[in-house]
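J.: If it helps, the file is called upload-v8.txt and holds compact mmCIF, C-alpha atoms:
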# COMPACT_ATOMS: atom_id res chain seq x y z
CA MET A 1 0.00 0.00 0.00
CA ARG A 2 1.05 3.63 -0.60
CA ARG A 3 2.42 5.41 2.46
CA VAL A 4 0.80 8.65 3.63
CA VAL A 5 2.69 11.52 5.27
CA VAL A 6 1.85 14.93 6.72
CA THR A 7 3.64 17.81 4.98
CA GLY A 8 1.73 20.85 6.28
CA MET A 9 -0.36 21.79 9.32
CA ALA A 10 -2.10 24.91 10.55
CA GLY A 11 -5.05 26.05 12.59
CA MET A 12 -6.66 28.49 14.99
CA THR A 13 -7.47 27.92 18.64
CA PRO A 14 -8.60 30.10 21.56
CA LEU A 15 -4.92 30.24 22.61
CA GLY A 16 -3.50 31.33 19.27
CA ALA A 17 -2.86 30.33 15.68
CA THR A 18 0.76 29.13 15.88
CA TRP A 19 2.30 26.28 17.82
CA PRO A 20 4.87 28.54 19.57
CA ASP A 21 2.08 30.81 20.86
CA ILE A 22 -0.09 27.88 21.95
CA ARG A 23 2.84 26.08 23.57
CA ALA A 24 3.82 29.22 25.51
CA ALA A 25 0.28 29.58 26.87
CA MET A 26 0.22 25.93 27.87
CA HIS A 27 3.55 26.28 29.69
CA GLU A 28 1.99 29.13 31.67
CA GLY A 29 -1.03 27.00 32.51
CA ARG A 30 -3.42 29.34 30.72
CA SER A 31 -6.63 28.34 28.96
CA GLY A 32 -8.72 30.10 26.34
CA ILE A 33 -11.95 29.77 28.32
CA LYS A 34 -13.81 33.02 29.04
CA TYR A 35 -17.09 34.30 30.44
CA ILE A 36 -19.28 35.14 27.42
CA LYS A 37 -21.15 38.27 28.49
CA ASP A 38 -23.30 38.30 25.35
CA TRP A 39 -24.95 35.11 26.61
CA ASP A 40 -26.35 36.85 29.69
CA LYS A 41 -29.50 37.68 27.70
CA LEU A 42 -30.15 33.96 27.16
CA THR A 43 -32.04 33.40 30.39
CA ASP A 44 -32.56 29.65 29.99
CA LEU A 45 -28.89 28.94 29.29
CA LYS A 46 -27.12 27.90 32.48
CA THR A 47 -23.54 28.05 31.27
CA ARG A 48 -21.86 31.35 30.38
CA LEU A 49 -18.53 29.85 29.37
CA GLY A 50 -16.92 29.45 25.97
CA GLY A 51 -13.60 29.24 24.19
CA PRO A 52 -13.69 32.06 21.60
CA VAL A 53 -11.07 32.76 18.95
CA ASP A 54 -11.58 36.45 19.52
CA TYR A 55 -8.58 37.57 17.46
CA PHE A 56 -10.05 36.16 14.22
CA GLU A 57 -12.16 38.67 12.28
CA HIS A 58 -13.54 36.27 9.72
CA GLU A 59 -15.37 38.92 7.65
CA LYS A 60 -12.02 40.54 6.80
CA SER A 61 -10.11 37.34 6.07
CA PHE A 62 -10.74 37.02 2.34
CA PRO A 63 -11.84 39.14 -0.63
CA ARG A 64 -15.48 40.20 -0.54
CA LYS A 65 -16.44 37.98 -3.47
CA ALA A 66 -15.04 34.89 -1.75
CA MET A 67 -16.74 35.79 1.54
CA ARG A 68 -20.20 35.75 -0.07
CA SER A 69 -20.43 31.99 0.51
CA MET A 70 -18.52 31.85 3.79
CA GLY A 71 -19.81 32.07 7.31
CA ARG A 72 -17.44 32.03 10.26
CA CYS A 73 -17.24 28.24 10.25
CA SER A 74 -16.09 27.94 6.65
CA ALA A 75 -13.75 30.94 7.07
CA PHE A 76 -11.98 29.00 9.83
CA ALA A 77 -11.64 26.07 7.44
CA VAL A 78 -10.37 28.07 4.46
CA LYS A 79 -7.90 30.07 6.58
CA ALA A 80 -6.49 26.90 8.15
CA ALA A 81 -6.21 25.24 4.73
CA GLU A 82 -4.51 28.30 3.25
CA SER A 83 -1.87 28.32 5.99
CA ALA A 84 -1.40 24.55 5.80
CA PHE A 85 -0.88 24.62 2.02
CA ALA A 86 1.68 27.40 2.51
CA ALA A 87 3.48 25.40 5.20
CA ALA A 88 3.59 22.40 2.84
CA GLY A 89 4.96 24.53 -0.02
CA LEU A 90 1.98 23.71 -2.22
CA THR A 91 0.25 27.09 -2.58
CA ASP A 92 0.96 27.48 -6.31
CA ASP A 93 1.68 23.85 -7.14
CA PRO A 94 -0.11 22.53 -10.26
CA VAL A 95 -1.08 19.38 -8.34
CA LEU A 96 -3.86 21.35 -6.61
CA LYS A 97 -5.89 21.61 -9.83
CA SER A 98 -4.75 18.35 -11.39
CA GLY A 99 -7.62 16.24 -10.12
CA ARG A 100 -5.23 14.40 -7.79
CA THR A 101 -5.77 16.77 -4.83
CA GLY A 102 -8.92 16.34 -2.80
CA CYS A 103 -10.52 17.74 0.31
CA ALA A 104 -12.13 16.28 3.41
CA PHE A 105 -13.57 18.63 6.03
CA GLY A 106 -16.33 18.59 8.56
CA SER A 107 -18.24 20.56 11.17
CA SER A 108 -21.20 19.90 13.41
CA TYR A 109 -23.51 22.22 11.56
CA GLY A 110 -21.98 25.07 9.59
CA SER A 111 -22.87 28.65 10.43
CA THR A 112 -25.96 29.07 12.58
CA GLU A 113 -26.72 32.76 11.95
CA PRO A 114 -28.51 32.17 8.59
CA THR A 115 -30.83 29.70 10.32
CA LYS A 116 -32.73 32.61 11.87
CA GLY A 117 -33.85 33.77 8.44
CA PHE A 118 -35.28 30.36 7.62
CA VAL A 119 -37.04 30.14 10.99
CA LYS A 120 -38.57 33.57 10.41
CA PHE A 121 -39.77 32.43 6.98
CA MET A 122 -41.38 29.30 8.43
CA ASP A 123 -43.09 31.28 11.20
CA THR A 124 -44.22 34.32 9.22
CA GLY A 125 -43.86 33.52 5.54
CA GLU A 126 -41.49 36.47 5.16
CA ALA A 127 -38.14 35.81 3.47
CA THR A 128 -36.49 39.11 4.37
CA GLY A 129 -32.92 38.48 5.43
CA LEU A 130 -32.52 35.40 3.26
CA THR A 131 -30.15 35.47 0.30
CA ALA A 132 -28.94 33.02 -2.31
CA MET A 133 -25.95 32.30 -0.04
CA SER A 134 -27.82 31.77 3.23
CA TYR A 135 -28.09 28.02 2.83
CA ILE A 136 -24.52 27.70 1.53
CA LYS A 137 -23.22 29.25 4.75
CA MET A 138 -25.28 27.02 7.04
CA MET A 139 -25.20 23.68 5.21
CA SER A 140 -23.33 20.85 6.90
CA HIS A 141 -20.75 20.64 4.09
CA THR A 142 -20.08 24.36 3.86
CA ALA A 143 -16.47 23.96 5.06
CA VAL A 144 -15.40 21.36 2.51
CA ILE A 145 -17.13 23.11 -0.40
CA ASN A 146 -15.66 26.52 0.41
CA VAL A 147 -12.16 25.05 0.78
CA GLY A 148 -12.50 23.24 -2.53
CA ILE A 149 -13.78 26.26 -4.42
CA TYR A 150 -11.29 28.70 -2.91
CA PHE A 151 -8.31 26.59 -4.02
CA GLY A 152 -9.85 25.21 -7.22
CA LEU A 153 -9.53 21.59 -6.10
CA ARG A 154 -10.85 18.99 -8.52
CA GLY A 155 -10.19 15.72 -6.73
CA ARG A 156 -12.10 13.59 -4.28
CA VAL A 157 -14.41 15.44 -1.87
CA ILE A 158 -15.40 13.93 1.47
CA THR A 159 -17.72 15.70 3.89
CA THR A 160 -17.45 14.42 7.44
CA SER A 161 -20.08 16.22 9.46
CA SER A 162 -20.08 13.78 12.37
CA ALA A 163 -19.98 16.20 15.31
CA CYS A 164 -16.94 15.56 17.52
CA THR A 165 -15.31 13.11 15.07
CA SER A 166 -15.64 15.40 12.03
CA GLY A 167 -11.97 16.42 12.00
CA SER A 168 -10.53 13.00 12.78
CA GLN A 169 -12.73 11.22 10.24
CA ALA A 170 -11.64 13.76 7.62
CA ILE A 171 -8.00 12.90 8.33
CA GLY A 172 -8.69 9.17 8.39
CA TYR A 173 -10.69 9.06 5.18
CA SER A 174 -8.10 11.26 3.46
CA TYR A 175 -5.39 8.83 4.55
CA GLU A 176 -7.39 5.98 3.02
CA ALA A 177 -7.99 7.93 -0.20
CA ILE A 178 -4.25 8.40 -0.72
CA LYS A 179 -3.35 4.92 0.52
CA HIS A 180 -5.66 3.35 -2.09
CA ASN A 181 -4.50 5.65 -4.91
CA HIS A 182 -7.60 7.83 -5.18
CA ALA A 183 -5.49 10.95 -4.59
CA ASP A 184 -1.89 12.11 -4.21
CA VAL A 185 -2.67 15.05 -1.92
CA MET A 186 -5.57 15.70 0.46
CA VAL A 187 -6.32 18.68 2.67
CA ALA A 188 -8.17 17.40 5.72
CA GLY A 189 -9.57 19.04 8.82
CA GLY A 190 -12.48 20.39 10.78
CA ALA A 191 -13.97 23.73 11.80
CA GLU A 192 -16.56 25.06 14.22
CA GLU A 193 -17.86 28.47 15.22
CA LEU A 194 -18.90 29.37 18.74
CA CYS A 195 -22.66 29.68 19.11
CA PRO A 196 -25.02 29.45 22.10
CA THR A 197 -27.09 26.90 20.18
CA MET A 198 -24.16 24.51 20.59
CA ALA A 199 -24.05 25.22 24.32
CA ILE A 200 -27.79 24.73 24.86
CA VAL A 201 -27.58 21.28 23.26
CA PHE A 202 -25.38 20.14 26.13
CA ASP A 203 -27.17 22.35 28.67
CA THR A 204 -30.35 20.36 28.10
CA LEU A 205 -28.36 17.19 28.82
CA PHE A 206 -26.99 18.74 32.06
CA ALA A 207 -23.53 18.32 30.52
CA THR A 208 -22.14 21.89 30.49
CA SER A 209 -19.84 23.39 33.08
CA CYS A 210 -21.54 26.08 35.14
CA LYS A 211 -18.47 27.26 37.01
CA ASN A 212 -19.16 30.66 35.49
CA THR A 213 -17.16 32.67 38.01
CA THR A 214 -13.94 30.68 37.50
CA PRO A 215 -13.54 30.20 33.73
CA GLN A 216 -9.81 29.37 33.97
CA LYS A 217 -10.53 26.41 36.24
CA THR A 218 -12.88 24.54 33.95
CA PRO A 219 -13.46 22.25 32.09
CA GLN A 220 -11.73 19.46 34.03
CA PRO A 221 -11.37 16.34 31.87
CA TYR A 222 -11.06 13.12 33.91
CA ASP A 223 -11.28 15.00 37.24
CA GLN A 224 -13.54 13.86 40.08
CA ASP A 225 -14.89 17.41 40.51
CA ARG A 226 -15.67 18.15 36.85
CA ASP A 227 -19.14 19.48 36.17
CA GLY A 228 -19.29 19.35 32.38
CA LEU A 229 -17.85 20.59 29.13
CA VAL A 230 -17.28 24.05 27.68
CA ILE A 231 -17.89 24.82 24.00
CA GLY A 232 -15.01 26.27 22.00
CA GLU A 233 -14.38 27.27 18.39
CA GLY A 234 -11.61 27.15 15.82
CA GLY A 235 -10.31 25.03 12.99
CA ALA A 236 -7.31 23.11 11.71
CA ALA A 237 -6.10 21.54 8.50
CA LEU A 238 -3.49 18.90 7.71
CA ILE A 239 -1.95 18.40 4.28
CA LEU A 240 -1.62 14.67 3.62
CA GLU A 241 0.53 13.47 0.78
CA GLU A 242 1.68 10.22 -0.79
CA ARG A 243 5.20 9.72 0.55
CA GLU A 244 7.02 9.34 -2.77
CA HIS A 245 5.21 12.40 -4.15
CA ALA A 246 6.35 14.41 -1.14
CA LEU A 247 9.94 13.19 -1.36
CA ALA A 248 10.12 13.89 -5.09
CA ARG A 249 9.39 17.57 -4.55
CA GLY A 250 11.68 17.87 -1.52
CA ALA A 251 8.92 18.42 1.02
CA THR A 252 9.56 18.28 4.76
CA ILE A 253 7.79 15.28 6.24
CA LEU A 254 6.32 16.13 9.64
CA ALA A 255 4.86 12.72 10.48
CA GLU A 256 3.43 9.63 8.86
CA ILE A 257 -0.11 8.34 9.30
CA VAL A 258 0.11 4.60 9.85
CA GLY A 259 -3.26 3.65 11.32
CA PHE A 260 -6.94 4.60 11.30
CA GLY A 261 -9.94 2.94 12.87
CA THR A 262 -13.56 4.02 12.96
CA ASN A 263 -16.85 2.36 13.89
CA MET A 264 -20.10 3.06 15.68
CA ASP A 265 -21.75 1.79 18.84
CA GLY A 266 -25.10 0.98 17.27
CA THR A 267 -26.89 1.28 20.62
CA HIS A 268 -27.64 4.82 21.82
CA VAL A 269 -27.28 8.35 20.48
CA THR A 270 -25.79 9.92 23.62
CA ASP A 271 -24.62 7.02 25.82
CA PRO A 272 -21.05 6.05 24.78
CA GLN A 273 -20.09 2.38 24.84
CA SER A 274 -16.65 1.48 26.13
CA GLU A 275 -16.54 -1.84 24.26
CA THR A 276 -16.97 -0.37 20.79
CA MET A 277 -14.68 2.54 21.61
CA GLY A 278 -12.03 -0.05 22.34
CA GLU A 279 -12.75 -1.83 19.08
CA ALA A 280 -11.99 1.40 17.19
CA LEU A 281 -8.59 1.56 18.89
CA LYS A 282 -7.96 -2.07 17.96
CA LEU A 283 -8.88 -1.34 14.34
CA ALA A 284 -6.29 1.43 14.23
CA LEU A 285 -3.64 -0.82 15.76
CA ALA A 286 -4.40 -3.58 13.25
CA ASP A 287 -4.29 -1.11 10.35
CA ALA A 288 -0.87 0.06 11.54
CA SER A 289 0.36 -3.51 12.24
CA LEU A 290 1.28 -2.40 15.75
CA LEU A 291 0.94 -3.93 19.19
CA PRO A 292 -0.60 -2.01 22.11
CA LYS A 293 2.85 -1.63 23.70
CA ASP A 294 4.02 0.28 20.61
CA ILE A 295 1.81 3.30 21.44
CA ASP A 296 3.91 5.80 23.38
CA PHE A 297 1.26 8.44 24.04
CA VAL A 298 -2.50 8.98 23.69
CA SER A 299 -4.29 12.23 22.91
CA GLY A 300 -7.63 11.54 24.56
CA HIS A 301 -11.04 12.96 23.76
CA GLY A 302 -11.67 13.96 27.39
CA THR A 303 -14.72 16.20 27.23
CA ALA A 304 -15.12 16.49 31.03
CA THR A 305 -18.46 14.70 31.00
CA VAL A 306 -18.89 11.79 33.41
CA GLN A 307 -20.13 9.15 30.96
CA GLY A 308 -17.72 10.11 28.20
CA ASP A 309 -14.60 10.32 30.37
CA ILE A 310 -15.27 7.01 32.07
CA ALA A 311 -16.17 5.05 28.94
CA GLU A 312 -13.20 6.41 26.98
CA THR A 313 -10.58 5.80 29.64
CA LEU A 314 -11.85 2.30 30.44
CA ALA A 315 -11.58 1.46 26.74
CA THR A 316 -8.09 2.97 26.48
CA SER A 317 -6.85 1.14 29.55
CA GLU A 318 -8.37 -2.15 28.42
CA VAL A 319 -6.70 -1.96 25.00
CA LEU A 320 -3.39 -0.23 25.74
CA GLY A 321 -2.77 -1.00 29.41
CA SER A 322 -2.38 1.23 32.44
CA ASP A 323 1.08 2.63 31.71
CA VAL A 324 0.34 4.65 28.58
CA PRO A 325 0.56 8.46 29.10
CA ILE A 326 -2.59 10.38 28.21
CA HIS A 327 -3.93 13.91 28.13
CA SER A 328 -6.93 15.79 26.85
CA LEU A 329 -6.45 19.25 25.36
CA LYS A 330 -10.01 20.34 26.08
CA GLY A 331 -9.02 21.87 29.39
CA TYR A 332 -7.16 24.49 27.33
CA PHE A 333 -9.61 25.11 24.48
CA GLY A 334 -12.97 23.74 25.49
CA HIS A 335 -14.72 21.30 23.20
CA MET A 336 -14.37 22.54 19.60
CA LEU A 337 -16.81 19.86 18.38
CA GLY A 338 -16.21 19.41 14.63
CA ALA A 339 -12.77 21.03 14.88
CA CYS A 340 -11.39 19.14 17.88
CA GLY A 341 -10.15 16.04 16.05
CA ALA A 342 -8.15 18.10 13.56
CA VAL A 343 -6.78 20.53 16.16
CA GLU A 344 -5.77 17.70 18.48
CA ALA A 345 -4.09 15.76 15.67
CA TRP A 346 -2.13 18.87 14.63
CA LEU A 347 -0.93 19.64 18.14
CA THR A 348 -0.20 15.99 18.96
CA ILE A 349 2.17 15.87 15.98
CA GLU A 350 3.78 19.13 17.10
CA MET A 351 4.36 17.68 20.58
CA MET A 352 5.71 14.43 19.14
CA ARG A 353 8.23 16.46 17.14
CA ASP A 354 9.19 18.43 20.26
CA LYS A 355 9.29 15.25 22.38
CA LYS A 356 7.38 17.18 25.06
CA PHE A 357 3.70 16.66 25.83
CA ALA A 358 1.39 19.08 27.64
CA PRO A 359 -0.27 18.11 30.92
CA ASN A 360 -4.00 17.84 31.47
CA LEU A 361 -5.14 21.28 32.57
CA ASN A 362 -7.38 21.46 35.66
CA LEU A 363 -6.87 17.77 36.49
CA ASN A 364 -6.38 17.74 40.26
CA GLN A 365 -7.73 14.33 41.27
CA VAL A 366 -8.52 11.61 38.72
CA ASP A 367 -12.04 10.22 39.04
CA GLU A 368 -11.62 6.75 40.52
CA ARG A 369 -14.23 5.44 38.08
CA CYS A 370 -11.97 6.28 35.13
CA GLY A 371 -9.62 3.71 33.65
CA LYS A 372 -6.16 3.22 35.14
CA LEU A 373 -3.82 5.27 32.91
CA ASP A 374 -0.79 7.55 33.25
CA TYR A 375 -2.58 10.91 33.31
CA ILE A 376 -0.04 13.67 32.67
CA THR A 377 -0.34 16.48 35.24
CA GLY A 378 1.75 19.39 36.47
CA SER A 379 4.18 20.31 33.71
CA PHE A 380 5.14 19.18 30.21
CA ARG A 381 6.35 15.57 30.10
CA ASP A 382 9.45 14.55 28.14
CA ILE A 383 8.46 11.57 25.99
CA ASP A 384 10.57 10.28 23.11
CA ALA A 385 7.53 8.95 21.23
CA THR A 386 7.68 6.99 18.00
CA HIS A 387 3.94 6.29 17.72
CA VAL A 388 1.14 8.46 19.11
CA MET A 389 -2.59 7.81 19.05
CA SER A 390 -5.32 10.47 18.80
CA ASN A 391 -8.87 9.40 19.69
CA ASN A 392 -12.27 11.08 19.32
CA PHE A 393 -15.84 10.02 20.05
CA ALA A 394 -19.11 11.62 18.94
CA PHE A 395 -22.88 11.65 19.42
CA GLY A 396 -24.48 8.67 17.74
CA GLY A 397 -21.69 6.44 19.01
CA VAL A 398 -19.18 7.39 16.30
CA ASN A 399 -15.64 6.39 17.30
CA THR A 400 -12.30 7.24 15.66
CA SER A 401 -8.66 6.46 16.33
CA LEU A 402 -5.63 7.78 14.42
CA ILE A 403 -2.02 6.66 14.79
CA PHE A 404 0.87 8.89 13.75
CA LYS A 405 4.52 7.89 13.44
CA ARG A 406 7.39 10.30 14.01
CA SER A 407 9.17 11.22 10.80
CA GLU A 408 12.53 9.54 10.29
Take the structure in this file and express it as structure tokens.
T.:
Amino acid sequence: MRRVVVTGMAGMTPLGATWPDIRAAMHEGRSGIKYIKDWDKLTDLKTRLGGPVDYFEHEKSFPRKAMRSMGRCSAFAVKAAESAFAAAGLTDDPVLKSGRTGCAFGSSYGSTEPTKGFVKFMDTGEATGLTAMSYIKMMSHTAVINVGIYFGLRGRVITTSSACTSGSQAIGYSYEAIKHNHADVMVAGGAEELCPTMAIVFDTLFATSCKNTTPQKTPQPYDQDRDGLVIGEGGAALILEEREHALARGATILAEIVGFGTNMDGTHVTDPQSETMGEALKLALADASLLPKDIDFVSGHGTATVQGDIAETLATSEVLGSDVPIHSLKGYFGHMLGACGAVEAWLTIEMMRDKKFAPNLNLNQVDERCGKLDYITGSFRDIDATHVMSNNFAFGGVNTSLIFKRSE
């Protein structure tokens, strides 16, 4: 089979848009979680916390003509892809329009603002406020379409709007597309914009953090005193490339993707199943022809919800054993939903290259119901990792596992 490597990465998080900036904030123990004052008017919303990317003015990011079809969600995606292509040295490469470059991107929803115009139309019959681009901005595949059009891509298109696994499925399916010779290059990632509609979804499930007066101390993945998740926003893109294609043009190889596993629970829409989560990890190991002991580090999903944290860590411990180091990055950024899998993959590769992995933020005492694992706390951990695993799990029982190998 053809080998698949990563030659470019970029993204935006509540802590910054470059790895040096994000790493510096993590070393200081800072998070991007803030009190969202604009949500005070939403009387039935209990949480007031979010992870905004408040430095990103999406309306000014691209020429006006290009912005006609972009909401904030797709602007995150296109900006991340633009920076990732530049990092890979592919911005003006003919391969982009050759039919051998494709795109896989996902989000939970798209942009929510245009939805109000459609609701008004359904309630009153009035279409004021709706334009020809309203649906394009809100549709579930707005990110992948806007990325493809902006760069003139003509290859395989994969839309992975699977909530919290959107970004990781995009990377996994892109890896498979190149591995099986359907493409030479794929841009893969996820994006999400911060919106109170996302928060109320989890509010109604009693799954949001309501520690509104101490935003820097929550969420608390895997901690016994966690009270729920915090919604964040952002986006990330990885440029995946067939290894020989990358070597032929002298590209810098950042990592290699060697394993991908995905499945679904098939039981309940919001109750995660540890057994099938574990099966997804086993699928990735089998795809990579690796043994559990070969995994040197795990980037966990860690949403700071009781059911999710427990099911995930029990599955991880059962498959990989109790000695594997693990962290969740959601203590720093909140839960970026459709973007989290891509952002976490990007930053996991950065840490693997640095040989230093960030601690779990706000993890003071591991919940005794969680699986027995080596939860990183305190400061960055020196780990000379050859293989790292990045796992994500979504509503509907969608499970993903990616395995990256350090570049030689």
J.: Would you mind listing what lies within 6 Å of Asp367 in chain A as a list in words, with all atoms listed in the file counted and same-chain residues fewer than 2 positions away left out?
T.: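 Answer for this query is Tyr222, Asp223, Gln224, Arg369 and Cys370 of chain A.
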J.: Return the single residue from A:Glu193, A:Asp296, A:Asp203, A:Asp271 that is closest to Gly338 in chain A, with distances computed using all atoms listed in the file.
T.: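 The answer is A:Glu193, which sits nearest to Gly338 in chain A.
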J.: Quick check, in Å to one decimal: how far apart do CA of Ala86 in chain A and CA of Gly259 in chain A lie?
T.: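 Distance between the two atoms: 25.8 Å.
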J.: Could you please determine the separation between CA of Leu363 in chain A and CA of Ile376 in chain A in Å, to one decimal place?
T.: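 Between these atoms lies a distance of 8.8 Å.
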J.: Please identify all polymer residues lying at most 10 Å from the point (-6.5, 7.5, 35.6) (file coordinates), using only C-alpha atoms, and present the result as an mmCIF file with C-alpha atoms, in the coordinates of the input.
T.:
data_model
loop_
_atom_site.group_PDB
_atom_site.id
_atom_site.type_symbol
_atom_site.label_atom_id
_atom_site.label_comp_id
_atom_site.auth_asym_id
_atom_site.auth_seq_id
_atom_site.Cartn_x
_atom_site.Cartn_y
_atom_site.Cartn_z
ATOM 1 C CA TYR A 222 -11.060 13.120 33.910
ATOM 2 C CA ASP A 223 -11.280 15.000 37.240
ATOM 3 C CA ILE A 310 -15.270 7.010 32.070
ATOM 4 C CA THR A 313 -10.580 5.800 29.640
ATOM 5 C CA LEU A 314 -11.850 2.300 30.440
ATOM 6 C CA SER A 317 -6.850 1.140 29.550
ATOM 7 C CA SER A 322 -2.380 1.230 32.440
ATOM 8 C CA ASP A 323 1.080 2.630 31.710
ATOM 9 C CA PRO A 325 0.560 8.460 29.100
ATOM 10 C CA ILE A 326 -2.590 10.380 28.210
ATOM 11 C CA GLN A 365 -7.730 14.330 41.270
ATOM 12 C CA VAL A 366 -8.520 11.610 38.720
ATOM 13 C CA ASP A 367 -12.040 10.220 39.040
ATOM 14 C CA GLU A 368 -11.620 6.750 40.520
ATOM 15 C CA ARG A 369 -14.230 5.440 38.080
ATOM 16 C CA CYS A 370 -11.970 6.280 35.130
ATOM 17 C CA GLY A 371 -9.620 3.710 33.650
ATOM 18 C CA LYS A 372 -6.160 3.220 35.140
ATOM 19 C CA LEU A 373 -3.820 5.270 32.910
ATOM 20 C CA ASP A 374 -0.790 7.550 33.250
ATOM 21 C CA TYR A 375 -2.580 10.910 33.310
ATOM 22 C CA ILE A 376 -0.040 13.670 32.670
#
J.: Could you check which of A:Cys210, A:Ile349, A:Val147, A:Leu45 is closest to Leu254 in chain A, using all atoms listed in the file?
T.: A:Ile349
J.: Under the rule that only C-alpha atoms are counted, which of A:His335, A:Lys97, A:His58, A:Arg381 is the nearest residue to Ala199 in chain A?
T.: A:His335
J.: Using all atoms listed in the file, which residue out of A:Val4, A:Ala24, A:Leu49, A:Ile403 lies closest to Lys179 in chain A?
T.: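 Counting all atoms listed in the file, the residue closest to Lys179 in chain A is A:Val4.
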J.: What is the CA of Met198 in chain A-CA of Ile231 in chain A distance in Å, reported with one decimal?
T.: 7.1 Å
J.: Padding 6 Å on every side, please: axis-aligned box over the listed atoms of range 230-233 of chain A, centre and edge lengths to one decimal in Å, as AutoDock Vina command-line options.
T.:
--center_x -16.1 --center_y 25.7 --center_z 23.0 --size_x 15.5 --size_y 15.2 --size_z 21.3
J.: Range 382-389 of chain A: which residues within 8 Å, counting only C-alpha atoms, same-chain residues fewer than 6 positions away excluded, as a PyMOL selection string?
T.: chain A and resi 294-299+348+352+355-357+401-406
J.: Could you add the missing atoms to range 161-177 of chain A, up to N, CA and C atoms, and return them as a PDB file, in the frame of the given file?
T.:
ATOM      1  N   SER A 161     -19.360  15.492   8.420  1.00  0.00           N
ATOM      2  CA  SER A 161     -20.080  16.220   9.460  1.00  0.00           C
ATOM      3  C   SER A 161     -20.620  15.218  10.477  1.00  0.00           C
ATOM      4  N   SER A 162     -19.731  14.794  11.370  1.00  0.00           N
ATOM      5  CA  SER A 162     -20.080  13.780  12.370  1.00  0.00           C
ATOM      6  C   SER A 162     -19.779  14.302  13.769  1.00  0.00           C
ATOM      7  N   ALA A 163     -20.177  15.567  13.999  1.00  0.00           N
ATOM      8  CA  ALA A 163     -19.980  16.200  15.310  1.00  0.00           C
ATOM      9  C   ALA A 163     -18.522  16.104  15.749  1.00  0.00           C
ATOM     10  N   CYS A 164     -18.266  15.502  16.909  1.00  0.00           N
ATOM     11  CA  CYS A 164     -16.940  15.560  17.520  1.00  0.00           C
ATOM     12  C   CYS A 164     -15.891  14.709  16.814  1.00  0.00           C
ATOM     13  N   THR A 165     -16.283  13.891  15.846  1.00  0.00           N
ATOM     14  CA  THR A 165     -15.310  13.110  15.070  1.00  0.00           C
ATOM     15  C   THR A 165     -15.149  13.670  13.659  1.00  0.00           C
ATOM     16  N   SER A 166     -15.707  14.825  13.378  1.00  0.00           N
ATOM     17  CA  SER A 166     -15.640  15.400  12.030  1.00  0.00           C
ATOM     18  C   SER A 166     -14.207  15.567  11.552  1.00  0.00           C
ATOM     19  N   GLY A 167     -13.355  16.171  12.385  1.00  0.00           N
ATOM     20  CA  GLY A 167     -11.970  16.420  12.000  1.00  0.00           C
ATOM     21  C   GLY A 167     -11.158  15.152  11.872  1.00  0.00           C
ATOM     22  N   SER A 168     -11.325  14.227  12.814  1.00  0.00           N
ATOM     23  CA  SER A 168     -10.530  13.000  12.780  1.00  0.00           C
ATOM     24  C   SER A 168     -10.987  12.067  11.664  1.00  0.00           C
ATOM     25  N   GLN A 169     -12.280  12.014  11.383  1.00  0.00           N
ATOM     26  CA  GLN A 169     -12.730  11.220  10.240  1.00  0.00           C
ATOM     27  C   GLN A 169     -12.213  11.804   8.929  1.00  0.00           C
ATOM     28  N   ALA A 170     -12.160  13.122   8.835  1.00  0.00           N
ATOM     29  CA  ALA A 170     -11.640  13.760   7.620  1.00  0.00           C
ATOM     30  C   ALA A 170     -10.189  13.343   7.389  1.00  0.00           C
ATOM     31  N   ILE A 171      -9.398  13.314   8.452  1.00  0.00           N
ATOM     32  CA  ILE A 171      -8.000  12.900   8.330  1.00  0.00           C
ATOM     33  C   ILE A 171      -7.920  11.414   7.971  1.00  0.00           C
ATOM     34  N   GLY A 172      -8.717  10.609   8.643  1.00  0.00           N
ATOM     35  CA  GLY A 172      -8.690   9.170   8.390  1.00  0.00           C
ATOM     36  C   GLY A 172      -9.126   8.790   6.995  1.00  0.00           C
ATOM     37  N   TYR A 173     -10.213   9.382   6.526  1.00  0.00           N
ATOM     38  CA  TYR A 173     -10.690   9.060   5.180  1.00  0.00           C
ATOM     39  C   TYR A 173      -9.755   9.610   4.105  1.00  0.00           C
ATOM     40  N   SER A 174      -9.089  10.720   4.398  1.00  0.00           N
ATOM     41  CA  SER A 174      -8.100  11.260   3.460  1.00  0.00           C
ATOM     42  C   SER A 174      -6.895  10.323   3.371  1.00  0.00           C
ATOM     43  N   TYR A 175      -6.482   9.825   4.509  1.00  0.00           N
ATOM     44  CA  TYR A 175      -5.390   8.830   4.550  1.00  0.00           C
ATOM     45  C   TYR A 175      -5.745   7.623   3.697  1.00  0.00           C
ATOM     46  N   GLU A 176      -6.977   7.138   3.816  1.00  0.00           N
ATOM     47  CA  GLU A 176      -7.390   5.980   3.020  1.00  0.00           C
ATOM     48  C   GLU A 176      -7.469   6.307   1.535  1.00  0.00           C
ATOM     49  N   ALA A 177      -7.895   7.528   1.208  1.00  0.00           N
ATOM     50  CA  ALA A 177      -7.990   7.930  -0.200  1.00  0.00           C
ATOM     51  C   ALA A 177      -6.622   7.910  -0.871  1.00  0.00           C
TER      52      ALA A 177
END
